[in-house]
Amino acid sequence: MTSSFGVFLGLDVGKGEHHAVGLGPDGQRLHDGPLPNSEPKLRALFDKLAVHGPLLVVVDQPATIGALPVAVARAAGHEVAYLPGLAMRRIADLYPGRAKTDARDAFVVADAARSLPHALRQVDVGDDALAELDVLVGFDDDLAAEATRISNRIRGLLTGVHPALERAIGPRTAHPAVLEILSRCGGPAGIRKAGRRKLTAIATAHAPRMGDKLVAAIMTALDEQTVTVPGTAAADTVLPRLADSLKAVLQQRKQVAAEVEGILDAHPLAG
């Protein structure tokens with residue numbers, strides 16, 4: 001970082017509102033007050049302070065709740081940096097007073113930018129990529145949890161109406177062949193009605209190597225139970241919907257994985 005800035009704007013970022021302190025090169029306080037986390041308000045403050053000279057916007061965290069100020073500052077052509085948390089805590093101990101307030105933290109950020117530029121870190125392309133990855137990975141975690149929930153629901157239904165069938169296909173619930181059979185045929189009654197030929201056609205289309213073995217296991221399981229448990233008819237209507245839901249979630253996970261791979265391939269350190 002250089003010392004050629006006319007304004008050092010420190011932001012203590014918050015979820016709905018930040019606190020902003022702007023200092024001149026000589027430490028003169030040019031601005032001190034709350035700053036709503038909205039693009040128009042951010043741009044207005046940046047424009048107002050930029051009349052004093054080149055503006056350096058410094059945040060205490062560049063991702064999540066600090067992402068919008070960083071993006072707006074960049075779009076307006078201003079330099080952006082952040083003050084790492086450990087450095088900020090150490091620097092804050094040098095200032096009088098122990099009360100932790102947003103205004104005090106914003107002042108510490110701004111004054112550190114002015115007087116201790118070596119403590120700052122630039123917000124670079126790598127940080128942007130990490131922020132993108134953080135969002136995608138968080139979404140994938142949600143999808144994974146949803147896939148587990150639906151899979152457990154499928155296995156629970158099968159266990160209630162036909163335990164033998166659950167033992168045969170339950171551990172493979174997420175396999176495309178099993179999902180397609182459940183989607184097109186339903187539960188025990190629908191699968192028995194579909195017959196071996198249709199089941200084999202479905203299974204081998206989605207699992208060429210294990211299709212015949214899967215169908216054999218299903219037919220053996222169906223033959224183990226001759227009684228119809230109450231709830232079987234309802235299971236035959238619910239299971240296809242659950243299977244379709246699980247297929248959709250798994251497809252989304254594939255798409256997220258491809259997007260993550262694309263970000264990693266484009267990262268400056270890739271390769």
# chains A, B, ... in the order shown; residues from 1 in each chain; ligands from 1

$ residues_around --residues "Val215 in chain A" --least-positions-apart "3" --cutoff "7 Å" --atoms "only C-alpha atoms" --output "number ranges by chain"
A: 199-200, 211-212, 218-219

$ select_by_dssp --residues "range 29-185 of chain A" --states "alpha helix (DSSP H)" --output "PyMOL selection string"
chain A and resi 39-50+67-75+85-92+102-115+125-161+163-169+176-185

$ select_by_dssp --residues "range 62-161 of chain A" --states "strand (DSSP E or B)" --output "number ranges by chain"
A: 79-82, 121-122

$ write_last_selection --atoms "N, CA, C and O atoms" --output "compact mmCIF listing (two decimals), in the first residue's frame"
# COMPACT_ATOMS: atom_id res chain seq x y z
N GLU A 79 -9.38 2.26 -4.35
CA GLU A 79 -8.55 1.18 -3.83
C GLU A 79 -9.23 0.57 -2.60
O GLU A 79 -9.92 1.26 -1.84
N VAL A 80 -9.02 -0.73 -2.43
CA VAL A 80 -9.65 -1.44 -1.32
C VAL A 80 -8.60 -2.29 -0.61
O VAL A 80 -7.71 -2.86 -1.23
N ALA A 81 -8.70 -2.35 0.71
CA ALA A 81 -7.82 -3.20 1.50
C ALA A 81 -8.59 -3.66 2.73
O ALA A 81 -9.71 -3.20 2.99
N TYR A 82 -8.01 -4.60 3.47
CA TYR A 82 -8.63 -4.98 4.74
C TYR A 82 -7.57 -5.14 5.80
O TYR A 82 -6.38 -5.37 5.51
N ARG A 121 -3.84 -5.62 4.13
CA ARG A 121 -3.75 -6.64 3.10
C ARG A 121 -4.66 -6.24 1.95
O ARG A 121 -5.80 -5.79 2.18
N GLN A 122 -4.18 -6.39 0.75
CA GLN A 122 -5.01 -6.06 -0.41
C GLN A 122 -6.07 -7.13 -0.62
O GLN A 122 -5.84 -8.32 -0.37

$ closest_atom_pairs --of "range 49-115 of chain A" --to "range 22-38 of chain A" --cutoff "8 Å" --atoms "only C-alpha atoms" --output "tab-separated table"
residue	atom	partner	partner_atom	distance
A:Leu49	CA	A:Leu30	CA	7.6
A:Leu68	CA	A:Asn37	CA	7.4
A:Pro69	CA	A:Asn37	CA	7.5
A:Ala103	CA	A:Gly33	CA	7.4
A:Phe107	CA	A:Gly22	CA	7.9
A:Ala110	CA	A:Leu23	CA	6.5
A:Asp111	CA	A:Leu23	CA	7.1
A:Arg114	CA	A:Pro25	CA	6.4

$ closest_residue --among "A:Ala174, A:Leu11, A:Ala217, A:Leu182" --to "Ile65 in chain A" --atoms "only C-alpha atoms"
A:Leu11

$ residues_around --residues "Leu136 in chain A" --least-positions-apart "5" --cutoff "9 Å" --atoms "only C-alpha atoms" --output "MDAnalysis selection string"
chainID A and resid 131 141 256:257 259:260

$ write_last_selection --atoms "N, CA and C atoms" --output "PDB file, in the first residue's frame"
ATOM      1  N   ALA A 131     -14.423 -16.208  -1.668  1.00  0.00           N
ATOM      2  CA  ALA A 131     -15.784 -15.813  -1.291  1.00  0.00           C
ATOM      3  C   ALA A 131     -16.815 -16.584  -2.115  1.00  0.00           C
ATOM      4  N   ASP A 141     -23.356 -27.950   1.242  1.00  0.00           N
ATOM      5  CA  ASP A 141     -23.609 -28.550   2.553  1.00  0.00           C
ATOM      6  C   ASP A 141     -25.103 -28.692   2.803  1.00  0.00           C
ATOM      7  N   VAL A 256     -23.175 -27.832  -8.743  1.00  0.00           N
ATOM      8  CA  VAL A 256     -22.338 -27.056  -7.827  1.00  0.00           C
ATOM      9  C   VAL A 256     -20.894 -27.530  -7.914  1.00  0.00           C
ATOM     10  N   ALA A 257     -20.689 -28.850  -7.991  1.00  0.00           N
ATOM     11  CA  ALA A 257     -19.330 -29.383  -8.086  1.00  0.00           C
ATOM     12  C   ALA A 257     -18.637 -28.873  -9.346  1.00  0.00           C
ATOM     13  N   GLU A 259     -19.301 -26.047 -10.885  1.00  0.00           N
ATOM     14  CA  GLU A 259     -19.022 -24.619 -10.692  1.00  0.00           C
ATOM     15  C   GLU A 259     -17.797 -24.415  -9.800  1.00  0.00           C
ATOM     16  N   VAL A 260     -17.683 -25.228  -8.763  1.00  0.00           N
ATOM     17  CA  VAL A 260     -16.511 -25.148  -7.886  1.00  0.00           C
ATOM     18  C   VAL A 260     -15.245 -25.475  -8.670  1.00  0.00           C
TER      19      VAL A 260
END

$ closest_residue --among "A:Ala258, A:Leu242, A:Val123, A:Val7" --to "Gly53 in chain A" --atoms "only C-alpha atoms"
A:Val7

$ residues_around --residues "range 191-194 of chain A" --least-positions-apart "2" --cutoff "10 Å" --atoms "only C-alpha atoms" --output "PyMOL selection string"
chain A and resi 181-182+184-189+196-199+218-219+222-223+236

$ atom_distance --atom1 "CA of Ser151 in chain A" --atom2 "CA of Ala233 in chain A"
19.5 Å

$ residues_around --residues "Thr148 in chain A" --least-positions-apart "5" --cutoff "9 Å" --atoms "only C-alpha atoms" --output "compact mmCIF listing (two decimals) with all heavy atoms, in the first residue's frame"
# COMPACT_ATOMS: atom_id res chain seq x y z
N LEU A 143 -27.41 -28.92 0.47
CA LEU A 143 -27.90 -29.95 -0.45
C LEU A 143 -27.58 -31.35 0.08
O LEU A 143 -28.41 -32.26 -0.02
CB LEU A 143 -27.30 -29.77 -1.84
CG LEU A 143 -27.75 -28.53 -2.63
CD1 LEU A 143 -26.95 -28.42 -3.92
CD2 LEU A 143 -29.25 -28.60 -2.93
N ARG A 153 -35.74 -40.82 4.52
CA ARG A 153 -37.20 -40.93 4.45
C ARG A 153 -37.61 -42.08 3.54
O ARG A 153 -38.54 -42.83 3.86
CB ARG A 153 -37.79 -39.60 3.91
CG ARG A 153 -39.30 -39.57 3.83
CD ARG A 153 -39.93 -39.72 5.19
NE ARG A 153 -41.38 -39.63 5.13
CZ ARG A 153 -42.20 -40.37 5.86
NH1 ARG A 153 -41.71 -41.26 6.71
NH2 ARG A 153 -43.51 -40.25 5.75
N LEU A 246 -35.02 -36.48 -4.65
CA LEU A 246 -33.62 -36.83 -4.41
C LEU A 246 -32.80 -36.70 -5.69
O LEU A 246 -31.66 -36.23 -5.66
CB LEU A 246 -33.53 -38.25 -3.85
CG LEU A 246 -32.13 -38.75 -3.46
CD1 LEU A 246 -31.45 -37.76 -2.52
CD2 LEU A 246 -32.22 -40.13 -2.82

$ decode --residues "range 80-111 of chain A" --atoms "N, CA and C atoms" --output "mmCIF file, in the first residue's frame"
data_model
loop_
_atom_site.group_PDB
_atom_site.id
_atom_site.type_symbol
_atom_site.label_atom_id
_atom_site.label_comp_id
_atom_site.auth_asym_id
_atom_site.auth_seq_id
_atom_site.Cartn_x
_atom_site.Cartn_y
_atom_site.Cartn_z
ATOM 1 N N VAL A 80 -9.025 -0.734 -2.433
ATOM 2 C CA VAL A 80 -9.651 -1.443 -1.322
ATOM 3 C C VAL A 80 -8.602 -2.286 -0.605
ATOM 4 N N ALA A 81 -8.700 -2.352 0.706
ATOM 5 C CA ALA A 81 -7.824 -3.202 1.504
ATOM 6 C C ALA A 81 -8.592 -3.658 2.733
ATOM 7 N N TYR A 82 -8.008 -4.600 3.468
ATOM 8 C CA TYR A 82 -8.634 -4.981 4.736
ATOM 9 C C TYR A 82 -7.565 -5.140 5.804
ATOM 10 N N LEU A 83 -8.003 -4.964 7.041
ATOM 11 C CA LEU A 83 -7.125 -5.084 8.193
ATOM 12 C C LEU A 83 -7.445 -6.409 8.880
ATOM 13 N N PRO A 84 -6.541 -7.385 8.811
ATOM 14 C CA PRO A 84 -6.808 -8.691 9.423
ATOM 15 C C PRO A 84 -7.154 -8.572 10.898
ATOM 16 N N GLY A 85 -7.967 -9.498 11.375
ATOM 17 C CA GLY A 85 -8.466 -9.437 12.740
ATOM 18 C C GLY A 85 -7.386 -9.426 13.802
ATOM 19 N N LEU A 86 -6.365 -10.278 13.645
ATOM 20 C CA LEU A 86 -5.308 -10.330 14.649
ATOM 21 C C LEU A 86 -4.547 -9.007 14.710
ATOM 22 N N ALA A 87 -4.234 -8.460 13.522
ATOM 23 C CA ALA A 87 -3.528 -7.174 13.491
ATOM 24 C C ALA A 87 -4.389 -6.080 14.106
ATOM 25 N N MET A 88 -5.682 -6.125 13.843
ATOM 26 C CA MET A 88 -6.565 -5.092 14.390
ATOM 27 C C MET A 88 -6.606 -5.160 15.912
ATOM 28 N N ARG A 89 -6.693 -6.371 16.458
ATOM 29 C CA ARG A 89 -6.751 -6.498 17.924
ATOM 30 C C ARG A 89 -5.466 -5.974 18.573
ATOM 31 N N ARG A 90 -4.345 -6.273 17.949
ATOM 32 C CA ARG A 90 -3.075 -5.799 18.518
ATOM 33 C C ARG A 90 -2.952 -4.281 18.423
ATOM 34 N N ILE A 91 -3.373 -3.728 17.281
ATOM 35 C CA ILE A 91 -3.297 -2.281 17.098
ATOM 36 C C ILE A 91 -4.269 -1.573 18.036
ATOM 37 N N ALA A 92 -5.460 -2.146 18.212
ATOM 38 C CA ALA A 92 -6.475 -1.525 19.068
ATOM 39 C C ALA A 92 -5.974 -1.377 20.497
ATOM 40 N N ASP A 93 -5.111 -2.302 20.937
ATOM 41 C CA ASP A 93 -4.580 -2.223 22.303
ATOM 42 C C ASP A 93 -3.695 -1.000 22.505
ATOM 43 N N LEU A 94 -3.222 -0.390 21.405
ATOM 44 C CA LEU A 94 -2.352 0.778 21.511
ATOM 45 C C LEU A 94 -3.137 2.067 21.712
ATOM 46 N N TYR A 95 -4.472 1.987 21.512
ATOM 47 C CA TYR A 95 -5.305 3.184 21.619
ATOM 48 C C TYR A 95 -5.937 3.261 23.001
ATOM 49 N N PRO A 96 -6.162 4.461 23.508
ATOM 50 C CA PRO A 96 -6.777 4.607 24.835
ATOM 51 C C PRO A 96 -8.206 4.096 24.848
ATOM 52 N N GLY A 97 -8.631 3.618 25.997
ATOM 53 C CA GLY A 97 -9.997 3.129 26.142
ATOM 54 C C GLY A 97 -10.081 1.648 25.853
ATOM 55 N N ARG A 98 -10.967 0.967 26.580
ATOM 56 C CA ARG A 98 -11.135 -0.468 26.412
ATOM 57 C C ARG A 98 -12.508 -0.840 25.858
ATOM 58 N N ALA A 99 -13.416 0.114 25.874
ATOM 59 C CA ALA A 99 -14.772 -0.183 25.406
ATOM 60 C C ALA A 99 -14.756 -0.484 23.912
ATOM 61 N N LYS A 100 -15.322 -1.606 23.545
ATOM 62 C CA LYS A 100 -15.370 -1.980 22.126
ATOM 63 C C LYS A 100 -16.665 -1.461 21.516
ATOM 64 N N THR A 101 -16.549 -0.449 20.676
ATOM 65 C CA THR A 101 -17.713 0.097 19.985
ATOM 66 C C THR A 101 -17.431 0.113 18.491
ATOM 67 N N ASP A 102 -18.493 0.192 17.697
ATOM 68 C CA ASP A 102 -18.330 0.239 16.247
ATOM 69 C C ASP A 102 -17.528 1.465 15.830
ATOM 70 N N ALA A 103 -17.819 2.605 16.477
ATOM 71 C CA ALA A 103 -17.136 3.846 16.126
ATOM 72 C C ALA A 103 -15.640 3.743 16.421
ATOM 73 N N ARG A 104 -15.304 3.169 17.565
ATOM 74 C CA ARG A 104 -13.887 3.026 17.928
ATOM 75 C C ARG A 104 -13.184 2.083 16.957
ATOM 76 N N ASP A 105 -13.838 0.959 16.626
ATOM 77 C CA ASP A 105 -13.222 -0.003 15.712
ATOM 78 C C ASP A 105 -13.008 0.607 14.332
ATOM 79 N N ALA A 106 -13.986 1.382 13.862
ATOM 80 C CA ALA A 106 -13.844 2.017 12.548
ATOM 81 C C ALA A 106 -12.693 3.017 12.559
ATOM 82 N N PHE A 107 -12.545 3.740 13.665
ATOM 83 C CA PHE A 107 -11.436 4.692 13.771
ATOM 84 C C PHE A 107 -10.100 3.961 13.768
ATOM 85 N N VAL A 108 -10.013 2.848 14.492
ATOM 86 C CA VAL A 108 -8.773 2.069 14.528
ATOM 87 C C VAL A 108 -8.406 1.599 13.122
ATOM 88 N N VAL A 109 -9.408 1.124 12.367
ATOM 89 C CA VAL A 109 -9.150 0.668 11.002
ATOM 90 C C VAL A 109 -8.628 1.816 10.141
ATOM 91 N N ALA A 110 -9.296 2.967 10.212
ATOM 92 C CA ALA A 110 -8.899 4.119 9.399
ATOM 93 C C ALA A 110 -7.512 4.627 9.786
ATOM 94 N N ASP A 111 -7.251 4.710 11.093
ATOM 95 C CA ASP A 111 -5.963 5.246 11.537
ATOM 96 C C ASP A 111 -4.827 4.282 11.244
#
